[in-house]
>>> print(open('structure05.cif').read())   # mmCIF, C-alpha atoms
data_run
#
loop_
_atom_site.group_PDB
_atom_site.id
_atom_site.type_symbol
_atom_site.label_atom_id
_atom_site.label_comp_id
_atom_site.auth_asym_id
_atom_site.auth_seq_id
_atom_site.Cartn_x
_atom_site.Cartn_y
_atom_site.Cartn_z
ATOM 1 C CA MET A 103 -19.147 4.754 18.519
ATOM 2 C CA VAL A 104 -18.340 6.394 15.202
ATOM 3 C CA SER A 105 -14.649 6.596 14.418
ATOM 4 C CA LYS A 106 -13.395 9.545 12.451
ATOM 5 C CA LYS A 107 -12.256 8.907 8.930
ATOM 6 C CA ARG A 108 -8.494 8.973 8.520
ATOM 7 C CA ARG A 109 -6.925 10.562 5.479
ATOM 8 C CA ILE A 110 -4.453 8.783 3.210
ATOM 9 C CA VAL A 111 -0.914 10.158 2.913
ATOM 10 C CA TRP A 112 1.679 8.689 0.528
ATOM 11 C CA ASP A 113 5.413 8.682 1.229
ATOM 12 C CA LEU A 114 7.263 10.133 -1.748
ATOM 13 C CA ALA A 115 9.233 6.922 -2.334
ATOM 14 C CA ALA A 116 6.069 4.790 -2.374
ATOM 15 C CA ARG A 117 4.358 7.154 -4.796
ATOM 16 C CA ALA A 118 7.414 7.242 -7.067
ATOM 17 C CA TYR A 119 7.716 3.435 -7.070
ATOM 18 C CA LEU A 120 4.040 3.002 -7.982
ATOM 19 C CA ARG A 121 4.332 5.557 -10.782
ATOM 20 C CA GLN A 122 7.440 3.805 -12.119
ATOM 21 C CA ALA A 123 5.785 0.368 -11.942
ATOM 22 C CA ILE A 124 2.701 1.558 -13.805
ATOM 23 C CA VAL A 125 4.850 3.068 -16.584
ATOM 24 C CA TYR A 126 6.683 -0.257 -16.883
ATOM 25 C CA ILE A 127 3.446 -2.269 -17.062
ATOM 26 C CA LYS A 128 1.977 0.126 -19.645
ATOM 27 C CA LYS A 129 4.901 -0.579 -21.988
ATOM 28 C CA ASP A 130 3.490 -4.070 -22.550
ATOM 29 C CA SER A 131 -0.192 -3.363 -21.978
ATOM 30 C CA PRO A 132 -1.718 0.069 -21.436
ATOM 31 C CA GLN A 133 -4.977 -1.575 -20.326
ATOM 32 C CA ASN A 134 -3.235 -3.673 -17.663
ATOM 33 C CA GLY A 135 -1.292 -0.659 -16.433
ATOM 34 C CA ASP A 136 -4.507 1.308 -16.012
ATOM 35 C CA LYS A 137 -6.224 -1.637 -14.286
ATOM 36 C CA VAL A 138 -3.380 -2.200 -11.809
ATOM 37 C CA LYS A 139 -3.230 1.506 -10.984
ATOM 38 C CA LYS A 140 -7.005 1.743 -10.541
ATOM 39 C CA ASP A 141 -7.141 -1.380 -8.355
ATOM 40 C CA ILE A 142 -4.260 -0.301 -6.108
ATOM 41 C CA LEU A 143 -5.625 3.209 -5.638
ATOM 42 C CA ALA A 144 -9.103 1.808 -4.854
ATOM 43 C CA SER A 145 -7.667 -0.633 -2.311
ATOM 44 C CA VAL A 146 -5.691 2.159 -0.632
ATOM 45 C CA SER A 147 -8.815 4.338 -0.456
ATOM 46 C CA ALA A 148 -10.709 1.456 1.138
ATOM 47 C CA LEU A 149 -8.201 1.416 4.011
ATOM 48 C CA THR A 150 -10.039 4.315 5.627
ATOM 49 C CA LYS A 151 -12.710 1.811 6.714
ATOM 50 C CA GLN A 152 -11.301 -0.198 9.642
ATOM 51 C CA PRO A 153 -7.601 -0.292 8.633
ATOM 52 C CA GLU A 154 -6.655 -2.239 11.765
ATOM 53 C CA LYS A 155 -8.991 -5.112 10.955
ATOM 54 C CA GLN A 156 -8.524 -5.429 7.196
ATOM 55 C CA TYR A 157 -4.963 -6.736 6.989
ATOM 56 C CA ALA A 158 -2.348 -8.462 9.132
ATOM 57 C CA PRO A 159 0.682 -6.715 10.676
ATOM 58 C CA ASP A 160 3.559 -6.256 8.218
ATOM 59 C CA LYS A 161 5.941 -9.181 8.684
ATOM 60 C CA TYR A 162 8.840 -7.242 7.119
ATOM 61 C CA ARG A 163 8.671 -4.355 9.600
ATOM 62 C CA LYS A 164 11.223 -4.597 12.411
ATOM 63 C CA ASN A 165 9.821 -4.028 15.921
ATOM 64 C CA ASN A 166 6.284 -3.744 14.597
ATOM 65 C CA ASP A 167 3.810 -2.864 17.342
ATOM 66 C CA GLY A 168 0.884 -3.623 15.015
ATOM 67 C CA ASN A 169 0.529 -0.151 13.543
ATOM 68 C CA TYR A 170 2.360 -1.218 10.390
ATOM 69 C CA ARG A 171 0.116 -3.392 8.215
ATOM 70 C CA ALA A 172 0.510 -4.871 4.747
ATOM 71 C CA TYR A 173 -1.310 -6.679 1.982
ATOM 72 C CA GLU A 174 -0.648 -7.919 -1.543
ATOM 73 C CA LEU A 175 -2.483 -6.955 -4.691
ATOM 74 C CA HIS A 176 -1.455 -7.688 -8.291
ATOM 75 C CA ARG A 177 1.850 -9.042 -7.002
ATOM 76 C CA PHE A 178 2.649 -5.807 -5.148
ATOM 77 C CA HIS A 179 3.329 -5.778 -1.397
ATOM 78 C CA ILE A 180 1.729 -2.590 -0.013
ATOM 79 C CA SER A 181 2.765 -1.479 3.493
ATOM 80 C CA TYR A 182 0.996 1.193 5.488
ATOM 81 C CA PHE A 183 1.181 2.833 8.909
ATOM 82 C CA ILE A 184 -1.899 3.620 10.983
ATOM 83 C CA SER A 185 -2.001 6.621 13.321
ATOM 84 C CA ALA A 186 -4.870 8.428 14.990
ATOM 85 C CA ASP A 187 -5.588 10.742 12.047
ATOM 86 C CA ILE A 188 -3.778 9.352 8.983
ATOM 87 C CA ILE A 189 -2.973 6.188 7.104
ATOM 88 C CA ARG A 190 0.478 6.540 5.573
ATOM 89 C CA ILE A 191 1.406 4.391 2.583
ATOM 90 C CA VAL A 192 5.040 3.779 3.433
ATOM 91 C CA ARG A 193 6.168 1.260 0.863
ATOM 92 C CA ILE A 194 5.241 -0.606 -2.299
ATOM 93 C CA ARG A 195 7.416 -3.414 -3.647
ATOM 94 C CA HIS A 196 6.844 -6.021 -6.308
ATOM 95 C CA THR A 197 6.661 -9.484 -4.756
ATOM 96 C CA SER A 198 9.333 -10.821 -7.120
ATOM 97 C CA MET A 199 11.877 -8.490 -5.481
ATOM 98 C CA GLU A 200 13.972 -9.749 -2.599
ATOM 99 C CA PRO A 201 12.018 -9.072 0.623
ATOM 100 C CA LYS A 202 13.620 -6.369 2.759
ATOM 101 C CA GLU A 203 13.012 -5.619 6.374
ATOM 102 C CA TYR A 204 12.668 -1.956 7.207
#
>>> encode(input="structure05.cif", output="structure tokens")
Amino acid sequence: MVSKKRRIVWDLAARAYLRQAIVYIKKDSPQNGDKVKKDILASVSALTKQPEKQYAPDKYRKNNDGNYRAYELHRFHISYFISADIIRIVRIRHTSMEPKEY
């Protein structure tokens, strides 16, 4: 059975945090800022292929029924929600920040 490809949707707060983080990284190293941005965007795009199987349920999500998943890349914790037709990037936080349940 062929599953339909879900589209990626970013929450405004997640997009703003990523943009802010990349600007901060670029202050020290423009090359590293570009690399982190490229790697994160590529990993998010790859979620369209079997998002349920790629990563574990998000341990910081309260009452998670398994539709909220998360992974870490370049010391960023990236949380996403899986529905029938979209994958929503709900949150990005640097791993050095105090973990917050949501």
>>> resolve_selection(input="structure05.cif", expression="the PyMOL selection byres ((chain A and resi 157) around 7)", output="list in words")
Glu154, Lys155, Gln156, Ala158, Pro159, Arg171, Ala172 and Tyr173 of chain A
>>> residues_around(input="structure05.cif", residues="A:Ile184", least_positions_apart="6", cutoff="7 Å", atoms="only C-alpha atoms", output="PyMOL selection string")
chain A and resi 169-170+190
>>> residues_around(input="structure05.cif", residues="A:Tyr162", least_positions_apart="2", cutoff="9 Å", atoms="all atoms listed in the file", output="list in words")
Pro159, Asp160, Lys164, Asn166, Ala172, Pro201, Lys202, Glu203 and Tyr204 of chain A
>>> residues_around(input="structure05.cif", residues="A:Ile191", least_positions_apart="3", cutoff="10 Å", atoms="only C-alpha atoms", output="PyMOL selection string")
chain A and resi 110-117+146+170-172+180-184+188+194
>>> atom_distance(input="structure05.cif", atom1="atom CA of A:Ala186", atom2="atom CA of A:Arg163")
19.4 Å
>>> closest_residue(input="structure05.cif", among="A:His176, A:Arg195, A:Arg108, A:Lys161", to="A:Lys139", atoms="all atoms listed in the file")
A:His176
>>> closest_residue(input="structure05.cif", among="A:Arg109, A:Lys129, A:Arg177, A:Arg121", to="A:Thr150", atoms="all atoms listed in the file")
A:Arg109
>>> atom_distance(input="structure05.cif", atom1="atom CA of A:Phe178", atom2="atom CA of A:Thr197")
5.5 Å
>>> closest_residue(input="structure05.cif", among="A:Glu200, A:Ala118, A:Asn165, A:Pro153", to="A:Ser185", atoms="all atoms listed in the file")
A:Pro153
>>> atom_distance(input="structure05.cif", atom1="atom CA of A:Tyr126", atom2="atom CA of A:Ala148")
25.1 Å
>>> build_atoms(input="structure05.cif", residues="stretch 190-202 of chain A", atoms="N, CA and C atoms", output="PDB file, keeping the file's coordinate frame")
ATOM      1  N   ARG A 190      -0.659   6.194   6.436  1.00  0.00           N
ATOM      2  CA  ARG A 190       0.478   6.540   5.573  1.00  0.00           C
ATOM      3  C   ARG A 190       0.900   5.324   4.776  1.00  0.00           C
ATOM      4  N   ILE A 191       0.896   5.450   3.450  1.00  0.00           N
ATOM      5  CA  ILE A 191       1.406   4.391   2.583  1.00  0.00           C
ATOM      6  C   ILE A 191       2.926   4.561   2.583  1.00  0.00           C
ATOM      7  N   VAL A 192       3.608   3.613   3.216  1.00  0.00           N
ATOM      8  CA  VAL A 192       5.040   3.779   3.433  1.00  0.00           C
ATOM      9  C   VAL A 192       5.890   3.070   2.391  1.00  0.00           C
ATOM     10  N   ARG A 193       5.315   2.026   1.757  1.00  0.00           N
ATOM     11  CA  ARG A 193       6.168   1.260   0.863  1.00  0.00           C
ATOM     12  C   ARG A 193       5.341   0.403  -0.082  1.00  0.00           C
ATOM     13  N   ILE A 194       5.806   0.318  -1.319  1.00  0.00           N
ATOM     14  CA  ILE A 194       5.241  -0.606  -2.299  1.00  0.00           C
ATOM     15  C   ILE A 194       6.412  -1.293  -2.976  1.00  0.00           C
ATOM     16  N   ARG A 195       6.356  -2.626  -2.989  1.00  0.00           N
ATOM     17  CA  ARG A 195       7.416  -3.414  -3.647  1.00  0.00           C
ATOM     18  C   ARG A 195       6.770  -4.557  -4.407  1.00  0.00           C
ATOM     19  N   HIS A 196       7.329  -4.865  -5.557  1.00  0.00           N
ATOM     20  CA  HIS A 196       6.844  -6.021  -6.308  1.00  0.00           C
ATOM     21  C   HIS A 196       7.254  -7.277  -5.555  1.00  0.00           C
ATOM     22  N   THR A 197       6.393  -8.276  -5.539  1.00  0.00           N
ATOM     23  CA  THR A 197       6.661  -9.484  -4.756  1.00  0.00           C
ATOM     24  C   THR A 197       7.805 -10.311  -5.316  1.00  0.00           C
ATOM     25  N   SER A 198       8.195 -10.079  -6.564  1.00  0.00           N
ATOM     26  CA  SER A 198       9.333 -10.821  -7.120  1.00  0.00           C
ATOM     27  C   SER A 198      10.670 -10.264  -6.631  1.00  0.00           C
ATOM     28  N   MET A 199      10.652  -9.085  -6.021  1.00  0.00           N
ATOM     29  CA  MET A 199      11.877  -8.490  -5.481  1.00  0.00           C
ATOM     30  C   MET A 199      12.238  -9.193  -4.176  1.00  0.00           C
ATOM     31  N   GLU A 200      13.505  -9.181  -3.860  1.00  0.00           N
ATOM     32  CA  GLU A 200      13.972  -9.749  -2.599  1.00  0.00           C
ATOM     33  C   GLU A 200      13.304  -9.018  -1.429  1.00  0.00           C
ATOM     34  N   PRO A 201      12.652  -9.756  -0.522  1.00  0.00           N
ATOM     35  CA  PRO A 201      12.018  -9.072   0.623  1.00  0.00           C
ATOM     36  C   PRO A 201      13.064  -8.353   1.458  1.00  0.00           C
ATOM     37  N   LYS A 202      12.734  -7.158   1.912  1.00  0.00           N
ATOM     38  CA  LYS A 202      13.620  -6.369   2.759  1.00  0.00           C
ATOM     39  C   LYS A 202      12.889  -5.986   4.015  1.00  0.00           C
TER      40      LYS A 202
END
